[in-house]
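S.K.: This is input-v6.txt (compact mmCIF, C-alpha atoms).
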```
# COMPACT_ATOMS: atom_id res chain seq x y z
CA MET A 168 -32.20 26.29 -29.03
CA SER A 169 -35.59 27.55 -27.84
CA ARG A 170 -34.42 31.14 -27.38
CA ASP A 171 -31.30 33.28 -27.71
CA LEU A 172 -28.57 33.22 -25.10
CA VAL A 173 -28.51 36.22 -22.82
CA LEU A 174 -25.98 37.43 -20.27
CA HIS A 175 -28.10 36.07 -17.45
CA ASP A 176 -27.80 32.55 -18.87
CA TRP A 177 -24.02 32.78 -19.00
CA VAL A 178 -23.85 34.16 -15.45
CA VAL A 179 -26.04 31.41 -14.00
CA ALA A 180 -24.13 28.72 -15.95
CA ALA A 181 -20.81 30.14 -14.75
CA ILE A 182 -22.06 30.20 -11.16
CA ALA A 183 -23.21 26.58 -11.43
CA MET A 184 -19.89 25.53 -12.94
CA ALA A 185 -17.91 27.46 -10.29
CA ALA A 186 -20.01 25.86 -7.56
CA GLY A 187 -19.20 22.44 -8.95
CA VAL A 188 -15.47 23.22 -9.08
CA ALA A 189 -15.53 24.64 -5.55
CA ALA A 190 -17.37 21.57 -4.30
CA GLY A 191 -14.77 19.40 -6.02
CA LEU A 192 -11.91 21.22 -4.29
CA LEU A 193 -13.64 20.92 -0.92
CA LEU A 194 -14.24 17.21 -1.47
CA ARG A 195 -10.60 16.76 -2.46
CA ALA A 196 -9.46 18.41 0.79
CA LEU A 197 -11.95 16.27 2.71
CA MET A 198 -10.63 13.09 1.08
CA ARG A 199 -7.06 14.05 2.05
CA TRP A 200 -8.19 14.54 5.64
CA LEU A 201 -10.01 11.22 5.65
CA GLY A 202 -6.95 9.55 4.10
CA ARG A 203 -4.71 10.74 6.93
CA HIS A 204 -7.15 9.40 9.52
CA ALA A 205 -7.65 6.14 7.64
CA SER A 206 -3.90 5.51 7.56
CA ARG A 207 -3.88 5.48 11.37
CA THR A 208 -6.36 2.63 11.65
CA ALA A 209 -5.45 -1.05 11.64
CA TRP A 210 -8.05 -1.94 9.00
CA SER A 211 -6.70 -1.51 5.47
CA GLY A 212 -10.16 -1.42 3.89
CA ASP A 213 -10.80 2.21 4.80
CA ASP A 214 -7.57 3.24 3.07
CA ILE A 215 -8.72 1.51 -0.12
CA ILE A 216 -12.18 3.11 0.00
CA VAL A 217 -10.81 6.61 0.61
CA ASP A 218 -8.24 6.14 -2.16
CA ALA A 219 -11.00 5.17 -4.59
CA LEU A 220 -13.20 8.12 -3.57
CA ARG A 221 -10.30 10.56 -3.75
CA THR A 222 -10.68 10.69 -7.54
CA LEU A 223 -14.38 9.95 -7.90
CA ALA A 224 -15.87 12.48 -5.45
CA PRO A 225 -14.20 15.68 -6.78
CA TRP A 226 -14.84 14.77 -10.40
CA ALA A 227 -18.47 13.89 -9.62
CA ALA A 228 -18.91 17.37 -8.15
CA VAL A 229 -17.36 19.00 -11.22
CA ILE A 230 -19.51 16.92 -13.59
CA GLY A 231 -22.57 17.77 -11.51
CA GLY A 232 -21.74 21.47 -11.85
CA ALA A 233 -21.33 21.06 -15.61
CA ALA A 234 -24.70 19.29 -15.85
CA ALA A 235 -26.36 22.09 -13.86
CA ALA A 236 -24.73 24.69 -16.10
CA ALA A 237 -25.96 22.90 -19.21
CA SER A 238 -29.49 22.67 -17.81
CA VAL A 239 -29.83 26.44 -17.44
CA LEU A 240 -28.72 27.13 -20.98
CA PRO A 241 -31.43 27.25 -23.67
CA LEU A 242 -30.13 24.25 -25.63
CA THR A 243 -32.11 22.08 -27.97
CA THR A 244 -33.41 18.74 -26.79
CA ARG A 245 -30.92 16.85 -28.94
CA VAL A 246 -27.91 18.83 -27.68
CA THR A 247 -29.10 18.61 -24.09
CA GLY A 248 -29.43 14.83 -24.37
CA LEU A 249 -26.00 14.54 -25.98
CA VAL A 250 -24.38 16.66 -23.26
CA ASN A 251 -26.09 14.72 -20.48
CA ASP A 252 -25.17 11.35 -21.99
CA SER A 253 -21.55 12.49 -22.43
CA LEU A 254 -21.33 13.69 -18.83
CA ILE A 255 -22.89 10.47 -17.54
CA ALA A 256 -20.50 8.37 -19.65
CA LEU A 257 -17.55 10.42 -18.35
CA LEU A 258 -18.75 9.90 -14.79
CA ILE A 259 -19.09 6.15 -15.44
CA LEU A 260 -15.54 5.98 -16.80
CA ILE A 261 -14.15 7.87 -13.79
CA ALA A 262 -16.13 5.61 -11.47
CA THR A 263 -14.82 2.59 -13.36
CA PHE A 264 -11.19 3.61 -12.95
CA SER A 265 -11.79 4.33 -9.26
CA ALA A 266 -13.55 0.98 -8.83
CA ALA A 267 -10.73 -0.82 -10.64
CA ARG A 268 -8.20 0.74 -8.28
CA GLY A 269 -10.35 -0.15 -5.28
CA VAL A 270 -10.89 -3.74 -6.40
CA ALA A 271 -7.17 -4.13 -7.10
CA GLY A 272 -6.46 -2.81 -3.61
CA LEU A 273 -8.87 -5.35 -2.12
CA VAL A 274 -7.60 -8.28 -4.20
CA GLN A 275 -3.92 -7.69 -3.42
CA PRO A 276 -4.14 -8.12 0.40
CA LEU A 277 -6.47 -11.07 -0.17
CA ALA A 278 -3.83 -12.69 -2.40
CA GLN A 279 -1.17 -11.89 0.19
CA SER A 280 -3.22 -13.47 2.97
CA ARG A 281 -3.67 -16.58 0.82
CA THR A 282 0.08 -16.83 0.18
CA GLY A 283 1.05 -15.91 3.74
CA VAL A 284 3.96 -13.75 2.60
CA ALA A 285 4.54 -10.08 1.94
CA GLY A 286 5.17 -10.59 -1.77
CA SER A 287 2.54 -9.81 -4.38
CA ALA A 288 0.97 -12.01 -7.01
CA THR A 289 -0.02 -9.36 -9.56
CA ILE A 290 -1.72 -11.84 -11.87
CA PHE A 291 -4.90 -11.75 -9.76
CA VAL A 292 -4.72 -7.97 -9.42
CA ASN A 293 -4.37 -7.51 -13.18
CA ILE A 294 -7.23 -9.90 -13.96
CA ALA A 295 -9.55 -8.11 -11.52
CA ARG A 296 -8.57 -4.70 -12.92
CA VAL A 297 -9.16 -5.78 -16.55
CA VAL A 298 -12.59 -7.25 -15.73
CA VAL A 299 -13.77 -4.08 -13.97
CA LEU A 300 -12.44 -1.78 -16.72
CA THR A 301 -14.07 -3.87 -19.44
CA MET A 302 -17.45 -3.79 -17.73
CA GLY A 303 -17.21 -0.04 -17.15
CA VAL A 304 -16.31 0.72 -20.77
CA LEU A 305 -19.21 -1.40 -22.03
CA VAL A 306 -21.65 0.41 -19.72
CA ALA A 307 -20.29 3.78 -20.85
CA LEU A 308 -20.73 2.82 -24.50
CA GLU A 309 -24.31 1.69 -23.84
CA THR A 310 -24.98 5.02 -22.10
CA MET A 311 -23.72 6.90 -25.17
CA GLY A 312 -26.21 4.98 -27.30
CA VAL A 313 -23.69 2.58 -28.82
CA SER A 314 -25.19 -0.90 -29.02
CA ILE A 315 -22.77 -3.35 -27.44
CA ALA A 316 -24.53 -6.51 -28.73
CA PRO A 317 -22.82 -6.39 -32.17
CA LEU A 318 -19.58 -5.51 -30.42
CA LEU A 319 -19.85 -8.56 -28.17
CA THR A 320 -20.65 -10.72 -31.19
CA ALA A 321 -17.63 -9.39 -33.06
CA LEU A 322 -15.45 -9.94 -30.02
CA GLY A 323 -16.72 -13.51 -29.74
CA VAL A 324 -15.92 -14.27 -33.38
CA GLY A 325 -12.56 -12.51 -33.28
CA GLY A 326 -11.72 -14.06 -29.94
CA LEU A 327 -10.87 -17.37 -31.62
CA ALA A 328 -8.35 -15.72 -33.94
CA VAL A 329 -6.88 -13.74 -31.04
CA ALA A 330 -6.64 -16.89 -28.93
CA LEU A 331 -4.73 -18.68 -31.71
CA ALA A 332 -2.40 -15.71 -32.18
CA LEU A 333 -1.80 -15.39 -28.43
CA GLN A 334 -1.56 -19.10 -27.71
CA ASP A 335 1.72 -18.87 -25.79
CA THR A 336 0.58 -15.82 -23.85
CA LEU A 337 -2.69 -17.47 -22.83
CA ALA A 338 -0.83 -20.67 -21.90
CA ASN A 339 1.40 -18.63 -19.59
CA LEU A 340 -1.63 -16.83 -18.14
CA PHE A 341 -3.50 -20.02 -17.27
CA ALA A 342 -0.30 -21.68 -16.07
CA GLY A 343 0.26 -18.78 -13.67
CA VAL A 344 -3.30 -19.02 -12.37
CA HIS A 345 -2.91 -22.79 -11.92
CA ILE A 346 0.41 -22.38 -10.07
CA LEU A 347 -1.07 -19.88 -7.61
CA ALA A 348 -4.36 -21.72 -7.19
CA SER A 349 -2.61 -25.01 -6.44
CA LYS A 350 -0.08 -23.23 -4.17
CA THR A 351 2.76 -25.07 -5.89
CA VAL A 352 4.82 -21.89 -5.84
CA GLN A 353 4.04 -18.69 -3.98
CA PRO A 354 5.79 -15.32 -3.72
CA GLY A 355 8.52 -15.61 -1.10
CA ASP A 356 9.36 -19.28 -1.77
CA TYR A 357 12.92 -20.34 -2.56
CA ILE A 358 12.89 -22.67 -5.57
CA ARG A 359 15.41 -24.51 -7.73
CA LEU A 360 14.60 -25.71 -11.24
CA SER A 361 16.03 -28.84 -12.83
CA SER A 362 17.80 -26.58 -15.34
CA GLY A 363 19.75 -24.92 -12.50
CA GLU A 364 17.96 -21.59 -11.96
CA GLU A 365 17.20 -20.88 -8.32
CA GLY A 366 16.21 -18.02 -6.05
CA TYR A 367 13.35 -16.35 -4.20
CA VAL A 368 10.06 -15.93 -6.05
CA VAL A 369 9.38 -12.18 -6.17
CA ASP A 370 6.20 -12.08 -8.23
CA ILE A 371 3.98 -14.17 -10.49
CA ASN A 372 2.35 -11.99 -13.13
CA TRP A 373 0.17 -12.78 -16.15
CA ARG A 374 3.12 -14.00 -18.23
CA ASN A 375 6.28 -14.61 -16.17
CA THR A 376 7.50 -15.65 -12.78
CA VAL A 377 10.19 -13.31 -11.43
CA VAL A 378 12.89 -14.95 -9.32
CA ARG A 379 15.65 -13.10 -7.47
CA ASN A 380 18.77 -15.22 -6.98
CA LEU A 381 21.28 -14.84 -4.15
CA SER A 382 23.48 -12.53 -6.24
CA ASN A 383 20.48 -10.10 -6.37
CA ASN A 384 19.83 -10.63 -10.07
CA LEU A 385 16.37 -11.23 -11.50
CA VAL A 386 15.62 -14.42 -13.43
CA ILE A 387 12.51 -14.25 -15.64
CA ILE A 388 10.84 -17.65 -16.14
CA PRO A 389 7.72 -18.09 -18.35
CA ASN A 390 4.83 -19.53 -16.34
CA GLY A 391 4.30 -22.33 -18.85
CA ARG A 392 7.88 -23.53 -18.47
CA LEU A 393 7.67 -23.30 -14.68
CA ALA A 394 4.53 -25.45 -14.69
CA ARG A 395 6.19 -28.16 -16.83
CA THR A 396 9.66 -28.40 -15.30
CA ASN A 397 10.88 -30.43 -12.33
CA MET A 398 11.35 -28.12 -9.38
CA THR A 399 12.42 -28.23 -5.73
CA ASN A 400 10.64 -25.85 -3.36
CA PHE A 401 12.80 -25.30 -0.27
CA THR A 402 10.08 -23.35 1.54
CA GLN A 403 7.30 -25.95 1.49
CA PRO A 404 5.93 -27.74 3.39
CA GLU A 405 7.83 -25.65 5.97
CA GLN A 406 10.50 -22.98 5.74
CA LYS A 407 12.89 -24.61 8.22
CA LEU A 408 15.22 -27.21 6.74
CA SER A 409 18.15 -29.41 7.71
CA ILE A 410 21.61 -29.16 6.20
CA LEU A 411 24.42 -31.72 6.20
CA VAL A 412 28.10 -30.99 6.89
CA GLN A 413 30.71 -33.69 6.25
CA VAL A 414 33.55 -34.01 8.82
CA GLY A 415 36.37 -36.53 9.36
CA VAL A 416 38.65 -37.36 12.32
CA GLY A 417 41.71 -39.55 12.73
CA TYR A 418 41.55 -43.26 13.55
CA ASP A 419 43.16 -42.67 16.94
CA SER A 420 40.30 -40.37 18.05
CA ASP A 421 37.84 -41.30 20.80
CA LEU A 422 34.58 -41.29 18.84
CA GLU A 423 32.41 -40.84 21.93
CA HIS A 424 34.42 -37.74 22.83
CA VAL A 425 34.26 -36.51 19.24
CA GLU A 426 30.48 -36.86 19.22
CA ARG A 427 30.04 -34.98 22.52
CA VAL A 428 32.29 -32.11 21.43
CA THR A 429 30.62 -31.83 18.00
CA LEU A 430 27.12 -31.78 19.48
CA ASP A 431 28.16 -29.09 21.93
CA VAL A 432 29.45 -26.92 19.07
CA VAL A 433 26.22 -27.48 17.14
CA ASP A 434 24.15 -26.34 20.14
CA THR A 435 26.17 -23.14 20.56
CA VAL A 436 25.90 -22.32 16.84
CA MET A 437 22.14 -22.92 16.83
CA ALA A 438 21.70 -20.64 19.85
CA ASP A 439 24.12 -17.83 18.96
CA VAL A 440 24.10 -17.44 15.17
CA SER A 441 21.27 -15.64 13.37
CA GLY A 442 19.33 -18.10 11.22
CA GLY A 443 19.91 -21.09 13.47
CA VAL A 444 17.02 -23.11 14.89
CA ALA A 445 17.37 -23.01 18.68
CA ASP A 446 15.16 -26.07 19.27
CA HIS A 447 16.89 -28.14 16.58
CA GLU A 448 17.88 -31.62 17.76
CA ALA A 449 21.52 -31.92 16.69
CA ALA A 450 22.72 -35.25 15.31
CA VAL A 451 26.08 -36.84 14.42
CA ARG A 452 26.17 -39.95 12.23
CA PHE A 453 29.43 -41.86 11.58
CA HIS A 454 29.27 -43.63 8.26
CA THR A 455 32.61 -44.37 6.52
CA PHE A 456 36.07 -45.84 7.27
CA ALA A 457 38.01 -43.77 4.76
CA ASP A 458 41.68 -44.06 3.73
CA SER A 459 43.02 -41.78 6.45
CA ARG A 460 40.09 -40.92 8.70
CA ILE A 461 36.62 -41.82 9.92
CA ASN A 462 34.00 -39.71 8.18
CA PHE A 463 30.72 -38.62 9.70
CA THR A 464 27.81 -36.27 8.94
CA VAL A 465 26.64 -33.44 11.17
CA ILE A 466 22.98 -32.41 10.80
CA LEU A 467 22.16 -28.76 11.53
CA GLY A 468 18.90 -26.80 11.29
CA VAL A 469 18.43 -23.45 9.56
CA GLY A 470 15.50 -21.05 9.50
CA GLU A 471 15.42 -20.73 5.70
CA PHE A 472 17.48 -21.59 2.66
CA SER A 473 19.93 -18.66 2.56
CA ASP A 474 20.77 -19.04 6.26
CA GLN A 475 22.71 -22.23 5.55
CA TYR A 476 25.78 -20.38 4.30
CA ARG A 477 26.12 -18.34 7.48
CA ILE A 478 25.47 -21.40 9.67
CA LYS A 479 28.03 -23.55 7.83
CA HIS A 480 30.60 -20.76 8.02
CA GLU A 481 30.29 -20.32 11.78
CA PHE A 482 30.02 -24.04 12.48
CA ILE A 483 33.22 -24.94 10.60
CA LYS A 484 35.15 -22.11 12.28
CA ARG A 485 34.00 -23.03 15.78
CA LEU A 486 34.40 -26.77 15.23
CA HIS A 487 37.96 -26.37 13.98
CA GLU A 488 38.86 -24.19 16.96
CA ARG A 489 37.23 -26.59 19.42
CA TYR A 490 38.93 -29.65 17.89
CA ARG A 491 42.30 -27.96 18.25
CA ALA A 492 41.56 -27.18 21.91
CA GLU A 493 40.41 -30.75 22.57
CA GLY A 494 43.36 -32.34 20.72
CA ILE A 495 41.15 -33.96 18.07
CA SER A 496 42.97 -34.32 14.78
CA ILE A 497 41.49 -33.81 11.32
CA PRO A 498 44.08 -35.60 9.15
CA ALA A 499 44.73 -34.67 5.58
CA PRO A 500 43.96 -37.40 3.01
CA ALA A 501 46.86 -39.86 2.83
CA ARG A 502 47.51 -43.37 1.46
CA THR A 503 50.18 -45.85 2.51
CA VAL A 504 51.86 -47.78 -0.34
CA SER A 505 53.93 -50.91 0.50
CA VAL A 506 56.75 -51.93 -1.90
CA GLN A 507 58.12 -55.49 -1.76
CA SER A 508 61.40 -56.63 -3.32
CA TRP A 509 61.33 -59.81 -5.45
CA GLY A 510 65.02 -60.56 -5.18
CA ALA A 511 66.73 -61.51 -8.43
CA GLN A 512 63.65 -60.89 -10.47
CA VAL A 513 63.95 -57.13 -10.12
CA PRO A 514 67.41 -56.82 -11.74
CA HIS A 515 66.22 -59.16 -14.48
CA GLN A 516 63.28 -56.87 -15.19
CA ARG A 517 65.62 -53.88 -15.13
CA ASP A 518 67.94 -55.56 -17.65
CA ALA A 519 65.00 -56.35 -19.91
CA ALA A 520 63.86 -52.75 -19.76
CA ALA A 521 67.41 -51.56 -20.49
CA SER A 522 67.67 -53.84 -23.53
CA VAL A 523 64.39 -52.49 -24.86
CA LEU A 524 65.64 -48.93 -24.47
CA ALA A 525 68.94 -49.83 -26.16
CA GLY A 526 67.11 -51.49 -29.05
CA ASN A 527 65.12 -48.31 -29.58
CA GLY A 528 68.24 -46.15 -29.40
CA LEU A 529 67.05 -44.45 -26.23
CA GLU A 530 69.57 -45.74 -23.73
```
In structure tokens, how does this file's structure come out?

M.R.:
Amino acid sequence: MSRDLVLHDWVVAAIAMAAGVAAGLLLRALMRWLGRHASRTAWSGDDIIVDALRTLAPWAAVIGGAAAAASVLPLTTRVTGLVNDSLIALLILIATFSAARGVAGLVQPLAQSRTGVAGSATIFVNIARVVVLTMGVLVALETMGVSIAPLLTALGVGGLAVALALQDTLANLFAGVHILASKTVQPGDYIRLSSGEEGYVVDINWRNTVVRNLSNNLVIIPNGRLARTNMTNFTQPEQKLSILVQVGVGYDSDLEHVERVTLDVVDTVMADVSGGVADHEAAVRFHTFADSRINFTVILGVGEFSDQYRIKHEFIKRLHERYRAEGISIPAPARTVSVQSWGAQVPHQRDAAASVLAGNGLE
């Protein structure tokens, strides 16, 4: 300290600090105003920028006021340098957190545009956030006078041990990146694994893939297992799919009439029921002479996987009602058994059976 502190020094420092706080409050109000206007625009980038500045700008004003207050105080060169370095490092950390939030906000819509669905793939967001935070912390340490070269060397040597200890975690991380990069599975897809789990992919994070099944329960699948297992994706290459419904009519039915009536019911279901594909080309294919009826397959189209249950429900109801109105029978399974009499041989067999029973004491 070059001289003693006087009241004037404290007053000027307090004024500088108050000015910084006041500027921070004004900037915070300004950021709120800009945020309301940015939310009304179609471009999402301005919302991300304002959200990042909402924290950085007020704190930068406060730190600037603190630096001005420190500059008017009669501090020693060493203390002044320490205070300035600390304030700069604090500003760098605040800027780093703001930048990480902004980068995450930019990466998330980019990932969504790549997947084409509203779901989120947080693995890319988390990776981007960790990279930005790591770089910011290293810069802050360098600003404080901490040499990061030995730290990087230690991290490089210890990285091998960490990689061995976190082998499964890293395998899941890279498996998740590979799944998303190859577009094998994306958020919003309906998948079914060979082990039986199925549902809509909600998210793919750094370790697990989250799947919501039709009963609204979450199934957590490690990314490594998802990458190795056999899987059916019902959303790719397109979300629309065809479903098959098995029907049978009696042998006395006019098959041409049956086909016309069935196709008419299919067309009404496709046009009226939510989830049906209006431009679907209905098809009926007879294929089996069964024991009591002629079986055939009806091919219907649905918009996506879960729509099939509603479409099948309405189709079976309407088809049954229409068949009754048209006099088309759907016979129950039946089998005709013919019994022939062999004359005198039958009583002989009965006598033999009776003698066996008598010999066993059961007659």

S.K.: What's the 12 Å shell around Glu423 (chain A), counting all atoms listed in the file, without same-chain residues fewer than 5 positions away, as a list in words?

M.R.: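 These residues fall inside the cut-off: Val416, Val428, Thr429, Leu430, Val451, Arg452, Phe453 and Ile495 of chain A.
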
S.K.: With C-alpha atoms retained, could you export that selection as a PDB file, in the coordinates of the input?

M.R.:
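Heads up, here's the output in part_9.pdb:
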```
ATOM      1  CA  VAL A 416      38.650 -37.360  12.320  1.00  0.00           C
ATOM      2  CA  VAL A 428      32.290 -32.110  21.430  1.00  0.00           C
ATOM      3  CA  THR A 429      30.620 -31.830  18.000  1.00  0.00           C
ATOM      4  CA  LEU A 430      27.120 -31.780  19.480  1.00  0.00           C
ATOM      5  CA  VAL A 451      26.080 -36.840  14.420  1.00  0.00           C
ATOM      6  CA  ARG A 452      26.170 -39.950  12.230  1.00  0.00           C
ATOM      7  CA  PHE A 453      29.430 -41.860  11.580  1.00  0.00           C
ATOM      8  CA  ILE A 495      41.150 -33.960  18.070  1.00  0.00           C
TER       9      ILE A 495
END
```

S.K.: Excluding same-chain residues fewer than 3 positions from Gln475 (chain A), what lies within 12 Å of it counting all atoms listed in the file, as a PyMOL selection string?

M.R.: chain A and resi 401+407-412+436-437+440-444+466-472+478-483

S.K.: Using only C-alpha atoms, which residues sit within 9 Å of Asp176 (chain A) once same-chain residues fewer than 6 positions away are excluded, as an MDAnalysis selection string?

M.R.: chainID A and resid 236 239:241

S.K.: Between A:His204, A:Glu426, A:Val368, A:Val270, which one has atoms that come closest to Val386 (chain A), using all atoms listed in the file?

M.R.: A:Val368

S.K.: Can you tell me, as AutoDock Vina command-line options, the centre and edge lengths (Å, one decimal) of the axis-aligned box enclosing all of region 177-182 of chain A's listed atoms after padding each side by 6 Å?

M.R.:
```
--center_x -23.4 --center_y 31.4 --center_z -15.1 --size_x 17.2 --size_y 17.4 --size_z 19.8
```

S.K.: If we count all atoms listed in the file and set the cut-off at 12 Å, which residues sit around Leu257 (chain A), ignoring sequence neighbours fewer than 3 positions away in its own chain? Please answer as number ranges by chain.

M.R.: A: 223, 226-227, 229-231, 233-234, 250-254, 260-264, 303-304, 306-308, 310-311

S.K.: Could you name the residues that touch Ala295 (chain A) at 9 Å or less, counting all atoms listed in the file, but leaving out those on the same chain fewer than 5 positions away, as a PyMOL selection string?

M.R.: chain A and resi 267+270-271+274+290+300

S.K.: Calculated over all atoms listed in the file, which of the candidates A:Gly363, A:Gly355, A:Gly232, A:Pro317 has the smallest distance to Thr402 (chain A)?

M.R.: A:Gly355

S.K.: Calculated over only C-alpha atoms, which of the candidates A:Ala492, A:Met198, A:Ile255, A:Leu242 has the smallest distance to Gly312 (chain A)?

M.R.: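 Among A:Ala492, A:Met198, A:Ile255, A:Leu242, it is A:Ile255 that comes nearest to Gly312 (chain A).
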
S.K.: Which is closest to Leu194 (chain A) among A:Ala180, A:Ala228, A:Leu422, A:Val217, if we use only C-alpha atoms?

M.R.: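 Looking at the shortest contact to Leu194 (chain A), the residue is A:Ala228.
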
S.K.: So how many Å separate CA of Val425 (chain A) and CA of Glu448 (chain A), to one decimal?

M.R.: 17.2 Å

S.K.: Pick out the closest residue to Ile388 (chain A) from this set: A:Val246, A:Val414, A:Ile358, A:Ile215. Count all atoms listed in the file.

M.R.: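 Selected residue with least distance to Ile388 (chain A): A:Ile358.
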
S.K.: For Pro498 (chain A), which residue out of A:Asn293, A:Thr301, A:Gln413, A:Ser459 is the nearest one, using only C-alpha atoms?

M.R.: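 Closest residue, counting only C-alpha atoms: A:Ser459.
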
S.K.: In Å, with one decimal, what is the gap from CA of Gly417 (chain A) to CA of Ala449 (chain A)?

M.R.: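 CA of Ala449 (chain A) lies at a distance of 21.9 Å from CA of Gly417 (chain A).
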
S.K.: From (14.7, -19.6, -20.3), in the file's coordinates, out to 12 Å: which residues are reached, counting all atoms listed in the file? Answer as a list in words.

M.R.: Leu360, Ser361, Ser362, Gly363, Glu364, Asn375, Thr376, Val377, Val386, Ile387, Ile388, Pro389, Asn390, Gly391, Arg392, Leu393 and Thr396 of chain A

S.K.: Quick one: pull the distance between CA of Arg221 (chain A) and CA of Ala183 (chain A), Å, one decimal.

M.R.: 22.0 Å

S.K.: For a quick check of your reading of the model, name the residues lying within 8 Å of the coordinate (-7.9, 10.0, -1.1), counting all atoms listed in the file, and write them as a list in words.

M.R.: Arg195, Met198, Arg199, Leu201, Gly202, Asp214, Val217, Asp218, Ala219, Leu220, Arg221 and Thr222 of chain A

S.K.: For region 236-249 of chain A, where the input has fewer atoms than it should, I would like N, CA, C and O atoms rebuilt and written as a CSV table (one decimal), in the coordinates of the input.

M.R.:
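Full text of part.csv as output:
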```csv
chain,number,residue,atom,x,y,z
A,236,ALA,N,-25.0,23.6,-15.2
A,236,ALA,CA,-24.7,24.7,-16.1
A,236,ALA,C,-25.4,24.5,-17.4
A,236,ALA,O,-26.0,25.4,-18.0
A,237,ALA,N,-25.3,23.2,-17.9
A,237,ALA,CA,-26.0,22.9,-19.2
A,237,ALA,C,-27.5,23.0,-19.1
A,237,ALA,O,-28.2,23.3,-20.1
A,238,SER,N,-28.0,22.7,-17.9
A,238,SER,CA,-29.5,22.7,-17.8
A,238,SER,C,-30.1,24.1,-17.8
A,238,SER,O,-31.3,24.2,-18.2
A,239,VAL,N,-29.3,25.1,-17.5
A,239,VAL,CA,-29.8,26.4,-17.4
A,239,VAL,C,-29.7,27.1,-18.8
A,239,VAL,O,-30.3,28.2,-19.0
A,240,LEU,N,-28.9,26.5,-19.7
A,240,LEU,CA,-28.7,27.1,-21.0
A,240,LEU,C,-29.9,26.7,-21.9
A,240,LEU,O,-30.3,25.6,-21.8
A,241,PRO,N,-30.3,27.6,-22.8
A,241,PRO,CA,-31.4,27.2,-23.7
A,241,PRO,C,-31.0,26.4,-24.9
A,241,PRO,O,-30.9,26.9,-26.0
A,242,LEU,N,-30.6,25.1,-24.6
A,242,LEU,CA,-30.1,24.2,-25.6
A,242,LEU,C,-31.3,23.4,-26.2
A,242,LEU,O,-32.3,23.3,-25.5
A,243,THR,N,-31.1,22.9,-27.4
A,243,THR,CA,-32.1,22.1,-28.0
A,243,THR,C,-32.2,20.7,-27.2
A,243,THR,O,-31.2,20.4,-26.5
A,244,THR,N,-33.2,20.0,-27.5
A,244,THR,CA,-33.4,18.7,-26.8
A,244,THR,C,-32.3,17.8,-27.2
A,244,THR,O,-31.8,17.0,-26.4
A,245,ARG,N,-32.0,17.8,-28.5
A,245,ARG,CA,-30.9,16.8,-28.9
A,245,ARG,C,-29.6,17.2,-28.3
A,245,ARG,O,-28.9,16.3,-27.8
A,246,VAL,N,-29.2,18.4,-28.3
A,246,VAL,CA,-27.9,18.8,-27.7
A,246,VAL,C,-27.9,18.6,-26.2
A,246,VAL,O,-26.9,18.1,-25.6
A,247,THR,N,-29.0,18.9,-25.5
A,247,THR,CA,-29.1,18.6,-24.1
A,247,THR,C,-28.9,17.1,-23.8
A,247,THR,O,-28.2,16.7,-22.9
A,248,GLY,N,-29.6,16.3,-24.6
A,248,GLY,CA,-29.4,14.8,-24.4
A,248,GLY,C,-28.0,14.4,-24.6
A,248,GLY,O,-27.5,13.5,-23.9
A,249,LEU,N,-27.4,14.9,-25.7
A,249,LEU,CA,-26.0,14.5,-26.0
A,249,LEU,C,-25.0,15.0,-24.9
A,249,LEU,O,-24.2,14.2,-24.5
```
